[in-house]
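Worksheet for the structure shown next.
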Amino acid sequence: MERNPTVRRPRVTSVLAAAAAVLLVAGCSSDGDSITRPGGRSSAPSKPGGGGSSGAPSPTESAAPAKGSVKVVRTLTTKLDSPWGLAPLPGGDLLVSSRDTGKIFKVSADTGKKTEVGSVPGVSAAGEGGLLGLAVSSDFGADHMVYAYFTTDSDNRIVRMVYDDKRPAGDQLGAPDTIFKGIPKGAIHNGGRIAFGPDKMLYAGTGESGDRGLAQDMDSFGGKILRMTPDGEPAPRNPDAQSVVYSWGHRNVQGLAWDADKRLWASEFGQDTWDELNPIEPGKNYGWPEVEGQAGKKGFVDPVEQWKPEDASPSGIAFAKGSIWMAGLRGERLWRIPLKGDKPVAKPQSFLDGKYGRLRSVVAADDGGLWLTTSNTDGRGKPGKEDDRILRLEVR
C-alpha cells in the first residue's frame with residue numbers, strides 16, 4: 001500500500017531559496033562534474049525538537065571525562081546474516097534487519113533468542129543496497145508501527161508496517177505502507193539510517209548513490225538528511241516548509257543520534273581523505289563534494305572530528321554517558337568522542353580494535369549501556385574470523 005504514488009521532489013523555496021540566492025559557482029570537481037553550491041545563511045532557523053548546534057554550550061552542560069572505558073558484558077546472540085538496522089522495542093528487546101535476505105528478526109534482550117518477524121517485500125539486495133535501517137514508532141504503544149528503509153529495483157524508500165507479535169513467527173508484519181520514495185539508489189552510498197527524533201519526527205540519512213553532484217542538487221533527495229512526519233510529509237519548521245530536506249552536502253550519512261540536549265549528530269563516510277562526525281543544523285550545507293573534512297571554507301559546515309577512512313569508515317552512532325559512540329567498519333573499532341555541548345573535550349578514544357571485526361550499528365540501552373552489532377557477513381568482512389553477533393557493552 002502506497003501513500004505517495006508519485007515521487008515528491010524537493011522544492012527550493014523559502015529558506016533554501018534565500019540560500020540559493022547567494023550561490024557560488026564552483027570549478028570542476030575531480031571527476032569533471034561542474035557543481036554549484038548554496039552559500040551559508042546569516043542565521044539558522046529554530047531548532048526542531050529543541051537543542052541545536054549553537055556554537056557554545058549552555059551553562060548547565062558539563063563535560064564528559066576525557067578518558068572512558070568499554071567492557072563487553074556478554075554476547076547476546078550470534079550467527080546473524082548481514083545485520084544492518086538495529087532498533088530497540090519498548091521493554092528492551094531488539095529488532096535487527098538482514099540486509100541481504102530482507103528479513104527482520106526480534107532478539108530477546110534476556111535470552112538472545114531470535115524470532116523471525118517477517119520479510120519486507122520488494123527488497124533488492126545488491127552492492128551496499130538491501131534492507132537497511134529500522135526505526136520503531138515514537139507512539140509504538142498505540143500504533144505498533146515499525147519503519148524500514150530499503151533498496152528496490154528503482155530507488156531507496158521508507159515503509160511502515162504494523163508489527164503483531166501475537167501472530168505466528170515469520171508472519172508478524174502487516175502489509176507495507178510506502179510513506180516515502182524516490183531516494184536515489186546505487187551500488188554504493190545508499191545511506192539508510194532512520195530514526196525518530198525527540199520531536200517525534202522521522203529523520204533519514206541518504207547517500208549520493210555514487211553520483212557526487214546529487215549532494216548539492218536541491219532537486220534530489222540524495223546526499224541529504226531528510227526530516228518528515230510519520231506519514232512521510234515535510235515536517236513542521238523544516239528549512240523549507242514544502243520540502244523534507246533538512247541538511248545537504250553529504251556523501252553518505254550512516255549514523256544519526258541525539259545528545260542529552262536534543263542536538264542531532266551524524267556520521268558520514270568520506271572518500272579517500274576524511275570521514276566525519278557532524279553536529280547537524282537545519283538548512284546548512286556540509287560541503288560534499290566541494291570539501292571533505294575540516295576545510296574552513298566559507299559557506300560550508302566543518303565536522304567537529306575527522307578520521308582517516310582506514311581508521312573509521314563510520315556507520316551507526318549513539319549517545320551515552322556524555323559521549324558520542326561511533327561504530328567503525330573498515331576501522332574495526334568503536335570510537336568514543338567525549339563532549340561538552342556541541343564540542344569534543346578530548347581526542348577520540350578507540351576500543352575493541354580489531355577484536356570483533358567490522359562494526360555496523362550501535363544503539364543506547366535504557367540503563368546507559370550500548371548494544372553493538374558486527375558486520376562481517378556483508379561481503380567485505382571475514383566471516384571465518386567472526387560470525388555476526390550482537391554485543392552488550394557497559395561504557396563510561
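Chain labels follow the order of the C-alpha cells: the first chain is A, the next B, and so on; residue numbering restarts at 1 in every chain, and ligands are counted from 1 in their shown order.
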For segment 277-286 of chain A, please output as a PDB file with C-alpha atoms, in the first residue's frame all residues within 6 Å (counting only C-alpha atoms; exclusion window: fewer than 6 positions along the same chain).
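Output saved as around-v1.pdb:
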ATOM      1  CA  PRO A 239      14.108  24.951   6.463  1.00  0.00           C
ATOM      2  CA  TYR A 246      16.883  19.203   6.433  1.00  0.00           C
ATOM      3  CA  SER A 247      20.585  19.483   5.515  1.00  0.00           C
ATOM      4  CA  TRP A 248      22.604  18.773   2.395  1.00  0.00           C
ATOM      5  CA  GLY A 249      26.111  18.380   1.018  1.00  0.00           C
ATOM      6  CA  HIS A 250      26.525  14.882   2.481  1.00  0.00           C
ATOM      7  CA  LEU A 264      21.283  15.932  16.184  1.00  0.00           C
ATOM      8  CA  TRP A 265      24.612  14.293  15.266  1.00  0.00           C
ATOM      9  CA  ALA A 266      25.518  12.403  12.097  1.00  0.00           C
ATOM     10  CA  SER A 267      28.414  10.219  10.969  1.00  0.00           C
ATOM     11  CA  PHE A 300      30.181  25.014   4.402  1.00  0.00           C
ATOM     12  CA  VAL A 301      29.993  23.456   7.877  1.00  0.00           C
ATOM     13  CA  PRO A 303      32.971  18.424  11.003  1.00  0.00           C
ATOM     14  CA  VAL A 304      33.965  18.598  14.672  1.00  0.00           C
ATOM     15  CA  GLU A 305      36.019  15.405  14.296  1.00  0.00           C
TER      16      GLU A 305
END
Exercise for review: Can you check which residues of segment 203-302 of chain A DSSP gives as strand (DSSP E) on the backbone and send them as an NGL selection string?
Suggested key: :A and (203-205 or 224-228 or 245-248 or 253-258 or 264-268 or 275-280)
Non-local contacts of Gly322 of chain A (7 Å; only C-alpha atoms; under 6 positions in same chain excluded) as a PyMOL selection string: chain A and resi 64+338-339
### Message
I want to know what sits within 10 Å of segment 309-317 of chain A, based on only C-alpha atoms, with residues of the same chain fewer than 6 positions away left out; could you give that as a PyMOL selection string?
### Response
chain A and resi 84-86+133+191+193+252-258+265-277+324-336+350+353+358-364+372-373
Output for the residues just chosen: N, CA and C atoms as a CSV table (one decimal), in the first residue's frame:
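The resulting file, result-v6.csv, is reproduced below:
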chain,number,residue,atom,x,y,z
A,84,TRP,N,22.1,-5.1,9.7
A,84,TRP,CA,22.3,-3.7,9.3
A,84,TRP,C,21.5,-2.8,10.3
A,85,GLY,N,20.2,-2.7,10.2
A,85,GLY,CA,19.5,-1.9,11.2
A,85,GLY,C,19.3,-2.6,12.5
A,86,LEU,N,19.2,-1.7,13.6
A,86,LEU,CA,19.0,-2.2,14.9
A,86,LEU,C,18.1,-1.2,15.7
A,133,GLY,N,18.0,0.5,7.3
A,133,GLY,CA,17.7,0.9,8.6
A,133,GLY,C,16.3,0.6,9.1
A,191,GLY,N,23.0,5.4,1.8
A,191,GLY,CA,22.6,5.9,3.1
A,191,GLY,C,21.9,4.8,3.9
A,193,ARG,N,20.2,5.0,7.3
A,193,ARG,CA,19.9,5.1,8.7
A,193,ARG,C,18.6,5.9,8.9
A,252,ASN,N,27.6,10.3,2.3
A,252,ASN,CA,26.8,9.0,2.7
A,252,ASN,C,26.6,9.0,4.2
A,253,VAL,N,25.5,9.5,4.6
A,253,VAL,CA,25.2,9.5,6.0
A,253,VAL,C,24.8,8.1,6.5
A,254,GLN,N,25.5,7.7,7.6
A,254,GLN,CA,25.3,6.3,8.1
A,254,GLN,C,24.9,6.2,9.5
A,255,GLY,N,25.0,7.3,10.3
A,255,GLY,CA,24.6,7.3,11.7
A,255,GLY,C,23.9,8.5,12.1
A,256,LEU,N,22.8,8.4,12.9
A,256,LEU,CA,22.0,9.5,13.4
A,256,LEU,C,21.8,9.3,14.9
A,257,ALA,N,22.0,10.3,15.7
A,257,ALA,CA,21.8,10.2,17.2
A,257,ALA,C,21.6,11.6,17.7
A,258,TRP,N,20.9,11.7,18.9
A,258,TRP,CA,20.7,12.9,19.6
A,258,TRP,C,21.3,12.9,20.9
A,265,TRP,N,23.3,14.6,15.7
A,265,TRP,CA,24.6,14.3,15.3
A,265,TRP,C,24.5,13.3,14.1
A,266,ALA,N,25.5,13.3,13.2
A,266,ALA,CA,25.5,12.4,12.1
A,266,ALA,C,26.9,12.0,11.8
A,267,SER,N,27.1,10.7,11.5
A,267,SER,CA,28.4,10.2,11.0
A,267,SER,C,28.3,10.1,9.5
A,268,GLU,N,29.5,10.3,8.8
A,268,GLU,CA,29.5,10.3,7.3
A,268,GLU,C,30.7,9.7,6.8
A,269,PHE,N,30.6,8.9,5.7
A,269,PHE,CA,31.7,8.4,5.0
A,269,PHE,C,32.4,9.5,4.2
A,270,GLY,N,33.7,9.6,4.3
A,270,GLY,CA,34.4,10.4,3.4
A,270,GLY,C,34.8,9.6,2.2
A,271,GLN,N,35.7,10.1,1.3
A,271,GLN,CA,36.2,9.4,0.2
A,271,GLN,C,37.5,8.8,0.5
A,272,ASP,N,38.6,9.5,0.2
A,272,ASP,CA,39.9,8.9,0.4
A,272,ASP,C,40.6,9.7,1.5
A,273,THR,N,40.1,10.8,2.0
A,273,THR,CA,40.8,11.6,2.9
A,273,THR,C,40.3,11.6,4.3
A,274,TRP,N,39.0,12.0,4.5
A,274,TRP,CA,38.4,12.2,5.8
A,274,TRP,C,37.0,11.7,6.0
A,275,ASP,N,36.8,10.8,7.0
A,275,ASP,CA,35.5,10.5,7.5
A,275,ASP,C,35.1,11.6,8.5
A,276,GLU,N,33.8,11.7,8.8
A,276,GLU,CA,33.3,12.9,9.5
A,276,GLU,C,32.3,12.6,10.6
A,277,LEU,N,32.4,13.4,11.7
A,277,LEU,CA,31.3,13.5,12.7
A,277,LEU,C,30.8,14.9,12.7
A,324,ILE,N,29.5,10.7,22.3
A,324,ILE,CA,29.1,10.0,21.0
A,324,ILE,C,29.9,8.8,20.9
A,325,TRP,N,29.3,7.6,20.6
A,325,TRP,CA,30.0,6.4,20.3
A,325,TRP,C,29.7,6.0,18.9
A,326,MET,N,30.8,5.7,18.1
A,326,MET,CA,30.7,5.6,16.7
A,326,MET,C,31.3,4.2,16.3
A,327,ALA,N,30.5,3.4,15.6
A,327,ALA,CA,31.0,2.1,15.1
A,327,ALA,C,31.8,2.3,13.8
A,328,GLY,N,32.9,1.6,13.7
A,328,GLY,CA,33.7,1.7,12.5
A,328,GLY,C,33.7,0.4,11.8
A,329,LEU,N,33.5,0.5,10.5
A,329,LEU,CA,33.5,-0.7,9.6
A,329,LEU,C,35.0,-1.1,9.2
A,330,ARG,N,35.5,-0.4,8.3
A,330,ARG,CA,36.9,-0.7,7.9
A,330,ARG,C,37.9,-0.5,9.1
A,331,GLY,N,37.6,0.4,10.0
A,331,GLY,CA,38.4,0.6,11.2
A,331,GLY,C,38.3,-0.5,12.2
A,332,GLU,N,37.2,-1.2,12.2
A,332,GLU,CA,37.0,-2.4,13.1
A,332,GLU,C,37.2,-2.0,14.5
A,333,ARG,N,36.6,-0.8,14.9
A,333,ARG,CA,36.7,-0.4,16.3
A,333,ARG,C,35.6,0.5,16.6
A,334,LEU,N,35.4,0.7,17.9
A,334,LEU,CA,34.3,1.6,18.5
A,334,LEU,C,35.0,2.9,19.0
A,335,TRP,N,34.6,4.0,18.4
A,335,TRP,CA,35.2,5.3,18.8
A,335,TRP,C,34.3,6.0,19.9
A,336,ARG,N,34.9,6.6,20.9
A,336,ARG,CA,34.3,7.4,21.9
A,336,ARG,C,34.7,8.9,21.7
A,350,SER,N,39.6,5.0,21.0
A,350,SER,CA,39.1,3.8,20.3
A,350,SER,C,39.1,2.6,21.3
A,353,ASP,N,39.6,-2.6,19.2
A,353,ASP,CA,40.3,-2.5,17.9
A,353,ASP,C,40.6,-3.9,17.4
A,358,ARG,N,34.4,-5.9,11.7
A,358,ARG,CA,33.7,-4.7,11.3
A,358,ARG,C,32.5,-4.5,12.2
A,359,LEU,N,32.3,-3.2,12.6
A,359,LEU,CA,31.2,-2.9,13.5
A,359,LEU,C,30.2,-2.0,12.7
A,360,ARG,N,28.9,-2.3,12.8
A,360,ARG,CA,27.9,-1.7,12.0
A,360,ARG,C,27.0,-0.7,12.8
A,361,SER,N,26.2,-1.3,13.7
A,361,SER,CA,25.2,-0.5,14.4
A,361,SER,C,25.5,-0.4,15.9
A,362,VAL,N,25.2,0.7,16.5
A,362,VAL,CA,25.3,0.9,17.9
A,362,VAL,C,24.1,1.7,18.4
A,363,VAL,N,23.4,1.3,19.4
A,363,VAL,CA,22.3,2.0,20.0
A,363,VAL,C,22.4,2.0,21.5
A,364,ALA,N,21.8,3.0,22.1
A,364,ALA,CA,21.8,3.2,23.5
A,364,ALA,C,20.8,2.3,24.2
A,372,LEU,N,25.7,-3.3,20.3
A,372,LEU,CA,26.6,-3.2,19.2
A,372,LEU,C,26.5,-4.4,18.3
A,373,THR,N,26.4,-4.2,17.0
A,373,THR,CA,26.4,-5.3,16.0
A,373,THR,C,27.6,-5.3,15.2
Which polymer residues have any atom within 8 Å of an atom of segment 218-228 of chain A, counting only C-alpha atoms, with same-chain residues fewer than 4 positions away left out, as JSON, numbers by chain?
{"A": [9, 10, 11, 12, 182, 183, 184, 201, 202, 203, 204, 205, 206, 207, 208, 209, 214, 232, 233, 234, 235, 238, 244, 245, 246, 247, 248, 249, 250, 251, 252, 253]}
Restricting to only C-alpha atoms, whichever of A:Glu128, A:Glu116, A:Asp110, A:Glu61 is closest to Arg380 of chain A is A:Glu128
> Among segment 125-298 of chain A, which residues carry a DSSP assignment of helix (DSSP H, G or I), reported as a ChimeraX atom specification?
Replying inline: /A:140-143,212-216
Notebook entry, point to check: If you count only C-alpha atoms, which residues fall within 12 Å of Val117 of chain A, apart from same-chain ones fewer than 5 positions away, as a PyMOL selection string?
Noted result: chain A and resi 94-98+102-107+146+161-174
Would you pick out the contacts of Lys321 of chain A at 8 Å or less, using only C-alpha atoms, so that residues sharing its chain but fewer than 3 positions from it are not included, and give the list as a ChimeraX atom specification?
/A:64,368,395-396
